[in-house]
Each structure stands twice: as structure tokens, then as C-alpha cells.
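S.K.: Next comes the structure file model.tsv, holding TSV, C-alpha atoms.
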chain	number	residue	atom	x	y	z
C	6	GLN	CA	0.00	0.00	0.00
C	7	ALA	CA	2.81	2.45	0.89
C	8	GLY	CA	4.64	1.62	-2.34
C	9	ALA	CA	1.57	2.50	-4.38
C	10	CYS	CA	1.23	5.83	-2.59
C	11	ALA	CA	4.91	6.66	-3.14
C	12	ALA	CA	4.60	6.82	-6.94
C	13	PRO	CA	2.70	10.14	-7.19
C	14	ALA	CA	5.07	11.66	-4.64
C	15	ARG	CA	8.02	10.79	-6.84
C	16	ARG	CA	6.26	12.34	-9.81
C	17	ALA	CA	6.08	15.55	-7.75
C	18	GLY	CA	9.87	15.65	-7.79
C	19	MET	CA	10.30	14.25	-4.30
C	20	PRO	CA	13.40	12.17	-3.33
C	21	ALA	CA	12.77	8.51	-2.61
C	22	ARG	CA	13.11	8.88	1.16
C	23	HIS	CA	10.50	11.66	1.18
C	24	ALA	CA	8.20	9.78	-1.16
C	25	LEU	CA	8.17	6.79	1.18
C	26	LEU	CA	7.58	9.10	4.14
C	27	VAL	CA	4.54	10.59	2.43
C	28	ALA	CA	3.29	7.11	1.62
C	29	ALA	CA	3.77	5.88	5.17
C	30	THR	CA	2.04	8.84	6.78
C	31	LEU	CA	-0.87	8.74	4.35
C	32	VAL	CA	-1.65	5.10	5.11
C	33	SER	CA	-0.56	4.81	8.76
C	34	GLU	CA	-3.85	5.80	10.33
C	35	SER	CA	-5.92	3.50	8.12
C	36	SER	CA	-4.40	0.43	9.76
C	37	CYS	CA	-4.83	1.61	13.37
C	38	ILE	CA	-7.74	1.06	15.70
C	39	ALA	CA	-10.98	0.06	13.99
C	40	ASN	CA	-13.88	2.51	14.02
C	41	VAL	CA	-11.59	5.47	14.78
C	42	ALA	CA	-11.77	8.18	12.15
C	43	ALA	CA	-8.50	8.92	10.41
C	44	PRO	CA	-7.23	12.49	10.83
C	45	LEU	CA	-7.83	14.97	8.04
C	46	ARG	CA	-4.76	15.11	5.79
C	47	VAL	CA	-3.39	17.82	3.54
C	48	ALA	CA	-4.56	17.53	-0.07
C	49	ASP	CA	-1.18	17.70	-1.81
C	50	VAL	CA	2.45	17.53	-0.69
C	51	ARG	CA	5.58	18.72	-2.48
C	52	CYS	CA	9.16	19.10	-1.33
C	53	ASP	CA	11.69	21.51	-2.83
C	54	ALA	CA	14.86	19.52	-3.50
C	55	VAL	CA	17.07	22.61	-3.10
C	56	THR	CA	15.72	24.20	0.07
C	57	GLY	CA	14.07	21.25	1.80
C	58	VAL	CA	10.87	23.28	2.19
C	59	TRP	CA	7.58	21.39	2.06
C	60	THR	CA	4.61	22.99	0.27
C	61	LEU	CA	1.28	21.73	1.59
C	62	GLN	CA	-2.04	22.28	-0.16
C	63	LEU	CA	-4.82	22.29	2.41
C	64	PRO	CA	-8.11	20.52	1.65
C	65	ASP	CA	-10.94	22.52	0.10
C	66	GLY	CA	-12.73	24.61	2.70
C	67	VAL	CA	-9.81	24.57	5.16
C	68	SER	CA	-8.17	27.91	5.87
C	69	GLY	CA	-4.65	28.55	7.06
C	70	ASP	CA	-5.57	31.98	8.35
C	71	GLY	CA	-4.26	31.20	11.82
C	72	LEU	CA	-0.71	30.87	10.55
C	73	PRO	CA	1.75	33.75	10.18
C	74	THR	CA	1.98	35.16	6.69
C	75	ALA	CA	5.11	37.26	7.12
C	76	GLY	CA	8.34	37.29	9.06
C	77	PRO	CA	11.51	35.30	8.51
C	78	PRO	CA	11.63	33.11	5.42
C	79	THR	CA	10.74	29.49	5.95
C	80	ALA	CA	14.26	28.42	4.96
C	81	GLY	CA	17.48	30.41	4.71
C	82	PRO	CA	20.91	29.29	3.51
C	83	LEU	CA	21.39	25.60	4.23
C	84	LEU	CA	24.92	26.10	5.60
C	85	PRO	CA	26.18	28.88	7.85
C	86	SER	CA	29.19	30.96	6.91
C	87	LEU	CA	32.61	30.35	8.41
C	88	PRO	CA	33.99	32.72	11.07
C	89	SER	CA	35.83	34.58	8.29
C	90	GLY	CA	32.53	35.18	6.49
C	91	ALA	CA	33.46	32.77	3.70
C	92	VAL	CA	31.07	30.04	2.60
C	93	LEU	CA	31.82	26.56	1.30
C	94	ASP	CA	31.82	26.08	-2.48
C	95	LEU	CA	30.12	22.73	-2.97
C	96	GLU	CA	29.24	20.90	-6.15
C	97	GLN	CA	26.07	18.81	-6.02
C	98	ARG	CA	26.37	16.23	-8.76
C	99	ARG	CA	23.41	13.94	-9.37
C	100	LEU	CA	24.18	10.26	-9.85
C	101	GLU	CA	22.28	7.77	-11.97
C	102	GLY	CA	19.47	5.92	-10.21
C	103	ASP	CA	16.35	7.01	-8.36
C	104	GLY	CA	17.49	5.82	-4.96
C	105	ASN	CA	20.63	7.92	-4.54
C	106	VAL	CA	20.23	10.92	-2.25
C	107	GLY	CA	23.82	11.67	-1.24
C	108	TYR	CA	24.64	14.04	-4.10
C	109	ARG	CA	22.82	17.01	-2.56
C	110	LEU	CA	22.75	19.02	0.63
C	111	TRP	CA	20.17	18.27	3.31
C	112	ARG	CA	18.95	20.66	6.00
C	113	SER	CA	20.43	18.53	8.77
C	114	ALA	CA	23.91	19.37	7.46
C	115	GLY	CA	23.21	23.00	8.31
C	116	ALA	CA	22.19	22.05	11.86
C	117	MET	CA	25.46	20.16	12.35
C	118	CYS	CA	27.54	23.00	10.95
C	119	ARG	CA	25.79	25.50	13.21
C	120	TRP	CA	26.58	23.24	16.19
C	121	MET	CA	30.23	23.21	15.15
C	122	ARG	CA	30.28	27.01	14.82
C	123	ARG	CA	29.05	27.26	18.42
C	124	ASN	CA	31.56	24.62	19.59
C	125	GLU	CA	34.68	25.43	17.60
C	126	GLY	CA	36.91	24.30	20.46
C	127	ALA	CA	35.69	20.72	19.99
C	128	VAL	CA	36.61	20.84	16.29
C	129	ARG	CA	39.89	22.75	16.20
C	130	GLY	CA	42.83	20.33	16.05
C	131	ALA	CA	40.53	17.27	16.01
C	132	ARG	CA	40.69	14.14	13.90
C	133	VAL	CA	37.21	13.94	12.35
C	134	LEU	CA	35.31	11.16	10.58
C	135	GLU	CA	32.15	11.87	8.57
C	136	LEU	CA	29.79	8.97	7.88
C	137	GLY	CA	27.40	9.09	4.91
C	138	ALA	CA	29.24	12.22	3.79
C	139	GLY	CA	27.48	12.70	0.42
C	140	THR	CA	28.84	16.08	-0.71
C	141	GLY	CA	31.30	16.21	2.20
C	142	ALA	CA	29.79	19.47	3.46
C	143	VAL	CA	30.01	18.69	7.18
C	144	GLY	CA	33.49	17.20	7.13
C	145	ILE	CA	34.87	20.00	4.94
C	146	PHE	CA	33.22	22.57	7.23
C	147	ALA	CA	35.02	20.93	10.16
C	148	ALA	CA	38.30	21.13	8.22
C	149	ALA	CA	37.70	24.83	7.55
C	150	LEU	CA	37.14	25.37	11.30
C	151	GLY	CA	40.58	23.98	12.02
C	152	ALA	CA	40.30	20.18	12.26
C	153	ARG	CA	43.76	18.71	11.68
C	154	GLU	CA	42.50	15.70	9.71
C	155	VAL	CA	39.14	14.81	8.17
C	156	VAL	CA	38.13	11.44	6.72
C	157	LEU	CA	35.03	11.56	4.48
C	158	THR	CA	33.21	8.27	3.93
C	159	ASP	CA	30.10	7.21	2.05
C	160	GLY	CA	28.61	3.86	1.06
C	161	GLU	CA	28.09	4.95	-2.56
C	162	ALA	CA	31.26	4.43	-4.59
C	163	GLY	CA	29.97	6.91	-7.18
C	164	LEU	CA	30.12	9.71	-4.60
C	165	LEU	CA	33.84	9.39	-3.88
C	166	PRO	CA	34.88	11.57	-6.87
C	167	LEU	CA	32.41	14.22	-5.66
C	168	LEU	CA	33.90	14.12	-2.16
C	169	ALA	CA	37.42	14.50	-3.54
C	170	SER	CA	36.34	17.30	-5.88
C	171	ASN	CA	34.62	19.29	-3.12
C	172	ALA	CA	37.65	18.90	-0.86
C	173	ARG	CA	39.86	20.36	-3.61
C	174	ARG	CA	37.43	23.21	-4.34
C	175	ASN	CA	37.57	24.34	-0.72
C	176	ARG	CA	41.31	23.83	-0.15
C	177	PRO	CA	41.92	27.63	0.05
C	178	LEU	CA	39.68	27.76	3.15
C	179	LEU	CA	41.71	25.14	5.04
C	180	SER	CA	44.75	25.65	7.23
C	181	HIS	CA	48.12	24.58	5.88
C	182	GLY	CA	48.69	20.93	6.73
C	183	THR	CA	45.03	20.01	7.17
C	184	GLU	CA	44.50	16.62	5.55
C	185	VAL	CA	41.20	15.57	3.93
C	186	THR	CA	40.80	12.05	2.51
C	187	ALA	CA	37.83	10.02	1.26
C	188	GLY	CA	36.91	6.35	1.22
C	189	ARG	CA	33.95	4.05	0.78
C	190	TRP	CA	32.30	2.72	3.93
C	191	ARG	CA	28.93	1.03	3.93
C	192	PHE	CA	27.29	0.81	7.34
C	193	GLY	CA	27.87	-2.63	8.80
C	194	ASP	CA	31.02	-3.33	6.74
C	195	ASP	CA	34.61	-3.29	7.97
C	196	PRO	CA	36.14	0.21	7.92
C	197	PRO	CA	38.28	1.26	4.95
C	198	ALA	CA	42.00	1.76	5.39
C	199	CYS	CA	41.62	5.53	5.69
C	200	ALA	CA	39.41	5.08	8.78
C	201	ARG	CA	41.63	2.58	10.62
C	202	ALA	CA	44.68	4.68	11.47
C	203	GLY	CA	43.94	5.51	15.10
C	204	ALA	CA	41.12	7.03	17.10
C	205	PHE	CA	38.82	9.85	16.01
C	206	ASP	CA	38.02	12.80	18.21
C	207	LEU	CA	34.70	13.41	16.44
C	208	VAL	CA	32.47	11.13	14.37
C	209	LEU	CA	29.79	13.10	12.51
C	210	GLY	CA	26.78	12.05	10.46
C	211	THR	CA	23.84	13.99	9.06
C	212	ASP	CA	20.50	12.53	7.99
C	213	ILE	CA	21.92	9.01	8.10
C	214	THR	CA	19.32	7.59	10.50
C	215	TYR	CA	16.93	6.90	7.61
C	216	SER	CA	19.23	3.96	6.71
C	217	VAL	CA	17.46	1.88	9.39
C	218	ASN	CA	14.55	1.57	6.96
C	219	THR	CA	16.62	-0.68	4.70
C	220	GLU	CA	19.20	-2.21	7.09
C	221	ARG	CA	17.91	-1.83	10.62
C	222	ASP	CA	21.09	-2.55	12.61
C	223	ALA	CA	23.92	-1.70	10.22
C	224	LEU	CA	24.35	1.92	11.33
C	225	CYS	CA	24.30	1.16	15.06
C	226	GLY	CA	26.73	-1.70	14.50
C	227	THR	CA	29.12	0.75	12.86
C	228	LEU	CA	28.67	3.33	15.66
C	229	ARG	CA	29.30	0.70	18.32
C	230	HIS	CA	32.46	-0.35	16.49
C	231	LEU	CA	33.71	3.25	16.47
C	232	LEU	CA	32.92	3.75	20.16
C	233	GLU	CA	34.59	0.54	21.31
C	234	ILE	CA	38.11	0.55	22.71
C	235	GLY	CA	40.37	-1.66	20.60
C	236	PRO	CA	43.96	-1.78	19.30
C	237	ASP	CA	42.93	-1.60	15.64
C	238	ASN	CA	40.42	1.21	15.48
C	239	GLY	CA	41.00	3.21	18.65
C	240	ARG	CA	38.00	4.89	20.26
C	241	ALA	CA	35.88	7.74	19.01
C	242	ALA	CA	35.75	10.41	21.72
C	243	ARG	CA	32.39	11.84	20.55
C	244	CYS	CA	29.81	10.74	18.01
C	245	LEU	CA	27.23	13.30	16.84
C	246	ILE	CA	24.34	12.85	14.41
C	247	ALA	CA	22.01	15.49	12.97
C	248	HIS	CA	18.51	14.26	12.21
C	249	GLU	CA	15.60	15.83	10.32
C	250	HIS	CA	12.36	14.82	12.03
C	251	ARG	CA	9.73	13.34	9.74
C	252	ARG	CA	6.92	12.83	12.20
C	253	ALA	CA	3.93	10.57	11.58
C	254	ASP	CA	1.47	13.48	11.96
C	255	MET	CA	3.39	16.06	9.91
C	256	PHE	CA	0.71	16.03	7.17
C	257	ASP	CA	-2.28	16.05	9.55
C	258	VAL	CA	-4.23	19.28	9.09
C	259	GLU	CA	-4.64	19.67	12.86
C	260	ALA	CA	-0.88	19.36	13.41
C	261	VAL	CA	-0.16	21.80	10.59
C	262	LEU	CA	-2.60	24.44	11.79
C	263	HIS	CA	-3.09	24.11	15.53
C	264	PHE	CA	0.39	23.11	16.63
C	265	ALA	CA	2.14	25.39	14.17
C	266	ASN	CA	5.53	26.70	15.23
C	267	GLU	CA	5.35	25.00	18.62
C	268	PRO	CA	8.02	22.51	19.73
C	269	ALA	CA	7.09	18.84	19.81
C	270	ALA	CA	6.08	17.40	23.17
C	271	ALA	CA	9.25	15.29	23.10
C	272	TRP	CA	12.23	15.44	20.77
C	273	ASP	CA	11.55	11.90	19.48
C	274	ALA	CA	7.74	12.14	19.44
C	275	ARG	CA	5.99	10.22	16.64
C	276	ASP	CA	9.16	9.93	14.54
C	277	VAL	CA	8.97	6.36	13.26
C	278	CYS	CA	12.42	6.31	11.65
C	279	LEU	CA	14.06	7.76	14.74
C	280	GLY	CA	12.16	5.30	16.93
C	281	THR	CA	13.61	2.40	14.96
C	282	PHE	CA	17.10	3.86	15.29
C	283	LEU	CA	16.69	4.38	19.04
C	284	ALA	CA	15.54	0.78	19.52
C	285	SER	CA	18.54	-0.51	17.59
C	286	ALA	CA	20.84	1.78	19.56
C	287	ARG	CA	19.59	0.40	22.88
C	288	GLU	CA	20.15	-3.16	21.68
C	289	HIS	CA	23.71	-2.27	20.66
C	290	GLY	CA	24.54	-0.75	24.02
C	291	LEU	CA	24.36	2.85	22.82
C	292	ARG	CA	22.92	5.85	24.63
C	293	VAL	CA	21.35	8.65	22.55
C	294	ALA	CA	20.92	12.13	24.02
C	295	PRO	CA	19.70	15.27	22.22
C	296	LEU	CA	22.05	18.28	22.33
C	297	VAL	CA	20.03	20.92	20.47
C	298	THR	CA	16.77	21.01	18.53
C	299	GLU	CA	15.94	23.63	15.92
C	300	ALA	CA	12.17	24.00	15.60
C	301	GLY	CA	10.62	23.93	12.16
C	302	ARG	CA	8.29	26.63	10.90
C	303	ARG	CA	4.96	26.87	9.11
C	304	VAL	CA	3.91	29.94	7.14
C	305	GLN	CA	0.83	30.59	4.97
C	306	ARG	CA	2.21	31.78	1.64
C	307	ALA	CA	-1.12	31.90	-0.21
C	308	PRO	CA	-4.74	31.05	0.66
C	309	GLY	CA	-4.81	27.36	1.49
C	310	VAL	CA	-1.06	26.93	0.82
C	311	VAL	CA	1.37	26.34	3.69
C	312	GLU	CA	5.16	26.26	3.53
C	313	MET	CA	6.76	24.09	6.19
C	314	THR	CA	10.18	23.11	7.44
C	315	THR	CA	10.58	20.25	9.91
C	316	ASP	CA	12.39	20.10	13.26
C	317	LEU	CA	16.12	19.35	13.27
C	318	THR	CA	18.00	17.75	16.18
C	319	VAL	CA	21.70	17.20	16.79
C	320	PHE	CA	22.15	14.31	19.21
C	321	GLU	CA	25.11	12.52	20.75
C	322	VAL	CA	25.63	8.76	20.71
C	323	SER	CA	27.72	7.16	23.46
C	324	ARG	CA	28.23	3.74	25.02
C	325	ASP	CA	25.63	2.30	27.41
C	326	GLU	CA	26.69	-1.25	28.19
C	327	LEU	CA	24.06	-1.59	30.92
C	328	HIS	CA	21.27	-1.99	28.34
C	329	ALA	CA	23.19	-3.80	25.59
C	330	ASP	CA	21.80	-6.96	23.99
C	331	PRO	CA	24.45	-9.62	24.82
C	332	THR	CA	23.69	-11.52	21.59
C	333	LEU	CA	24.89	-8.61	19.36
Turn the structure described in the file into C-alpha cells.

M.R.:
Amino acid sequence: QAGACAAPARRAGMPARHALLVAATLVSESSCIANVAAPLRVADVRCDAVTGVWTLQLPDGVSGDGLPTAGPPTAGPLLPSLPSGAVLDLEQRRLEGDGNVGYRLWRSAGAMCRWMRRNEGAVRGARVLELGAGTGAVGIFAAALGAREVVLTDGEAGLLPLLASNARRNRPLLSHGTEVTAGRWRFGDDPPACARAGAFDLVLGTDITYSVNTERDALCGTLRHLLEIGPDNGRAARCLIAHEHRRADMFDVEAVLHFANEPAAAWDARDVCLGTFLASAREHGLRVAPLVTEAGRRVQRAPGVVEMTTDLTVFEVSRDELHADPTL
């Protein structure tokens, strides 16, 4: 049923992960408790691939008059500037195949870069690993903030030339001697040679939690490996992930209108993908704690048309052996 619903979303220019989200949220209520009316849903959903802004068409007869119509734009620049005022120069090169999403920037990368700007001391002089790097934006931003070494990794072999190209394009922004390398690393596989030469001070990932939808435990297995103490791989001092919340009720008219621009009751509320990740993390002996959440925004841009951005959270993953599943 969800697969059938995903097709029109793809025709609207939506990436595969967003198309499946739309499908899942549109059908989720229909399989819940019998005799309970499903919530009223928005009539049409589109997502801008450049800005990450959702455009929601409300059903006929439903007004968005309670929403703000002016003020800050729904989405600004995806990445912040560096302390010097410079901005990264990043190529976004589309690969063949409908399923690839790593060639472009995602809003969660901006949340991670803003965290690094506020915590430059944790980045300066650090050895940094980026997982699921895609364009390399986060790792290269860390290098430009003064990281001494950055290793960019992604599971898609076709993205490695893009990572190398973006590192070269931004070389003038890096300190002399800063080293940036790239290698292929699929979650759950053994680390590549470039990621085995000692411990990392920071392991970073943005919008990689969606991978639990295809391989539930691969990501947490990789994070546990990085956080373990061992002679071969060392120990990652800190592991941070930025996540864009795609909540189960994000297309409910009531949630769009009546809870507009209010924070969620809990940082992980009704986020099915995040819930799966958190369950896997617990089983792998990992503790997950939110560091900062950036609230999304809803604005009425025309009668019956709402622009929306979703919440973003940067959270830290650490070891929690007390609750680990001994069979993993």
C-alpha cells in the first residue's frame, strides 16, 4: 500500500526517502484502531529539493488563516558561513538511479555546521570522521574550522569523486597541513583503510538515521564499532548525528494548523524512523541524548497553501553497556 502511494510523490519531484515518508504517513492511520476516524490530511504535498521546504495544499474549505503570513523566510541558507565570512563552495552532482540521495545538501547538514560554529573548540585540532558524507559538506566545514584531519566516507562508490572534488574546491579555506581524505564505507562493513589509522576525536553524520529503513542494525553496529576501545580502530571520543524529524502526523491538518511553530512534546515524538534507530541503539549498548533542537516553521504563503520546514535535532551517541543486547 505504501509503495503504491509513493509513486505520485516521486512524480512531484520528491526524493525517494520523502516519497516513502509521504506514503507511510498517508496510510498509517488507516491500519490503526478500527472505528476510529483517520485524521484529516493535507490535499497535496511537495518538497523543494534545493531548500528542503515542504509545500502543503490544504483541503478545500480549510483555511490557514491562523498561521503567520510574514516574518523570517521558511528556509534560509542551508549552511552557515565560516567565522571569516566565507562560505563553502560545494558541487552537487546527481548520480544515476532514483534511490541515490547523497549528491545534494540536506537541511540537517546545516544544523550540524551551526553546532560546530558554536563549539569550535571541539573541532579545532581534532581528527574527524564523517559517515554518509554525500557532498562532504560537514566534514569539509570541520576542516575549515581547524580540524587537523578529516576522513570523508560514504557507502556509494559513485560519490567518492564528488567528495574529492569538493575537498579540492575548498582547499583555500583550510589551514596549511590540514588533511582531507575520502573512502567508501557502507554501514555494517569493515572500515576502509583511511578510517583505521587511530582514534577519532569526532564522528559526525547527518541525515543518516533513515538507513534503518533498509538495514535496521547496520548503522548502530558501525557506531558501536567506532565507540569501542580496541587496538585496531582506537576509540571515538564523541559521536554526533544530525537528524531531520519526519513525524507521523506532519501532514495532519490539525498538526499543521493548531500546533504550528510550537516545539514537539518530546524530541523523538511520533518519529517512526528515529524510533527504529533508538531501539537498535539500545540493543547495541548505545545511549542517545539530544544536544540541540531547531524548531521547524509553518507559514501561509497563499490562501490554502502552507510552507513548512521540519524540526532538526543534533544528538550525541555514546556507550551504554548496561542496556546492551548480549547476543549482538

S.K.: Hey, what's within 9 Å of Cys278 in chain C if we count all atoms listed in the file and toss same-chain stuff fewer than 5 positions away? As a JSON list (two decimals) with C-alpha atoms, in the coordinates of the input, please?

M.R.:
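result16.json, written as the output of this step:
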[["chain", "number", "residue", "atom", "x", "y", "z"],
["C", 214, "THR", "CA", 19.32, 7.59, 10.50],
["C", 215, "TYR", "CA", 16.93, 6.90, 7.61],
["C", 216, "SER", "CA", 19.23, 3.96, 6.71],
["C", 217, "VAL", "CA", 17.46, 1.88, 9.39],
["C", 218, "ASN", "CA", 14.55, 1.57, 6.96],
["C", 250, "HIS", "CA", 12.36, 14.82, 12.03],
["C", 251, "ARG", "CA", 9.73, 13.34, 9.74],
["C", 252, "ARG", "CA", 6.92, 12.83, 12.20],
["C", 283, "LEU", "CA", 16.69, 4.38, 19.04]]

S.K.: Could you work out how far CA of Ala223 in chain C lies from CA of Gly193 in chain C, giving the answer in Å with one decimal?

M.R.: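 Separating CA of Gly193 in chain C from CA of Ala223 in chain C is a distance of 4.3 Å.
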
S.K.: For a cutoff of 12 Å around the file-coordinate point (14.3, 9.0, 14.6), which residues qualify once you count only C-alpha atoms? I'd like the result as a ChimeraX atom specification.

M.R.: /C:212-218,246-253,271-286,293-295,316-320

S.K.: Need to verify the contact set: Trp111 in chain C, 9 Å, all atoms listed in the file, exclusion of same-chain residues closer than 3 positions in sequence. Can you return it as JSON, numbers by chain?

M.R.: {"C": [54, 55, 56, 57, 83, 107, 114, 115, 211, 212, 249]}

S.K.: Nearest to Glu154 in chain C: which of C:Pro197, C:Gly203, C:Gly137, C:Gly90 is it, counting all atoms listed in the file?

M.R.: C:Gly203

S.K.: Determine the nearest neighbour of Val258 in chain C from the options C:Gly188, C:Leu110, C:Leu93, C:Gly309, counting only C-alpha atoms.

M.R.: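 Distance minimum relative to Val258 in chain C lands on C:Gly309.
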
S.K.: Would you mind telling me which residue in C:Phe205, C:Ala169, C:Glu161, C:Arg176 lies nearest to Phe192 in chain C when using only C-alpha atoms?

M.R.: C:Glu161

S.K.: Counting only C-alpha atoms, figure out which residue out of C:Leu72, C:His289, C:Asp206, C:Asn171 gets nearest to Gly126 in chain C.

M.R.: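 The closest residue to Gly126 in chain C is C:Asp206.
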
S.K.: List as an NGL selection string the protein and nucleic acid residues near Leu165 in chain C, meaning an atom at most 10 Å away when only C-alpha atoms are counted, but skip any in the same chain fewer than 4 places from it.

M.R.: :C and (138-141 or 157-161 or 169-171 or 186-189)

S.K.: Using Å and a single decimal, report how far CA of Val311 in chain C sits from CA of Thr60 in chain C.

M.R.: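 Computed distance, CA of Thr60 in chain C to CA of Val311 in chain C, equals 5.8 Å.
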
S.K.: Point out the residue among C:Ser89, C:Gln97, C:Thr74, C:Ser323 with the least atom-to-atom distance to Leu245 in chain C, counting all atoms listed in the file.

M.R.: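 Using all atoms listed in the file, the shortest distance to Leu245 in chain C belongs to C:Ser323.
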
S.K.: Go ahead and compute the interatomic distance for CA of Arg324 in chain C and CA of Asp222 in chain C, in Å to one decimal.

M.R.: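 Interatomic distance here is 15.6 Å.
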
S.K.: Around range 239-250 of chain C, fit a box with edges along x, y and z, padding it by 5 Å on each side, then list its centre and edge lengths in Å to one decimal as AutoDock Vina command-line options.

M.R.:
--center_x 26.7 --center_y 9.5 --center_z 16.0 --size_x 38.6 --size_y 22.6 --size_z 21.4
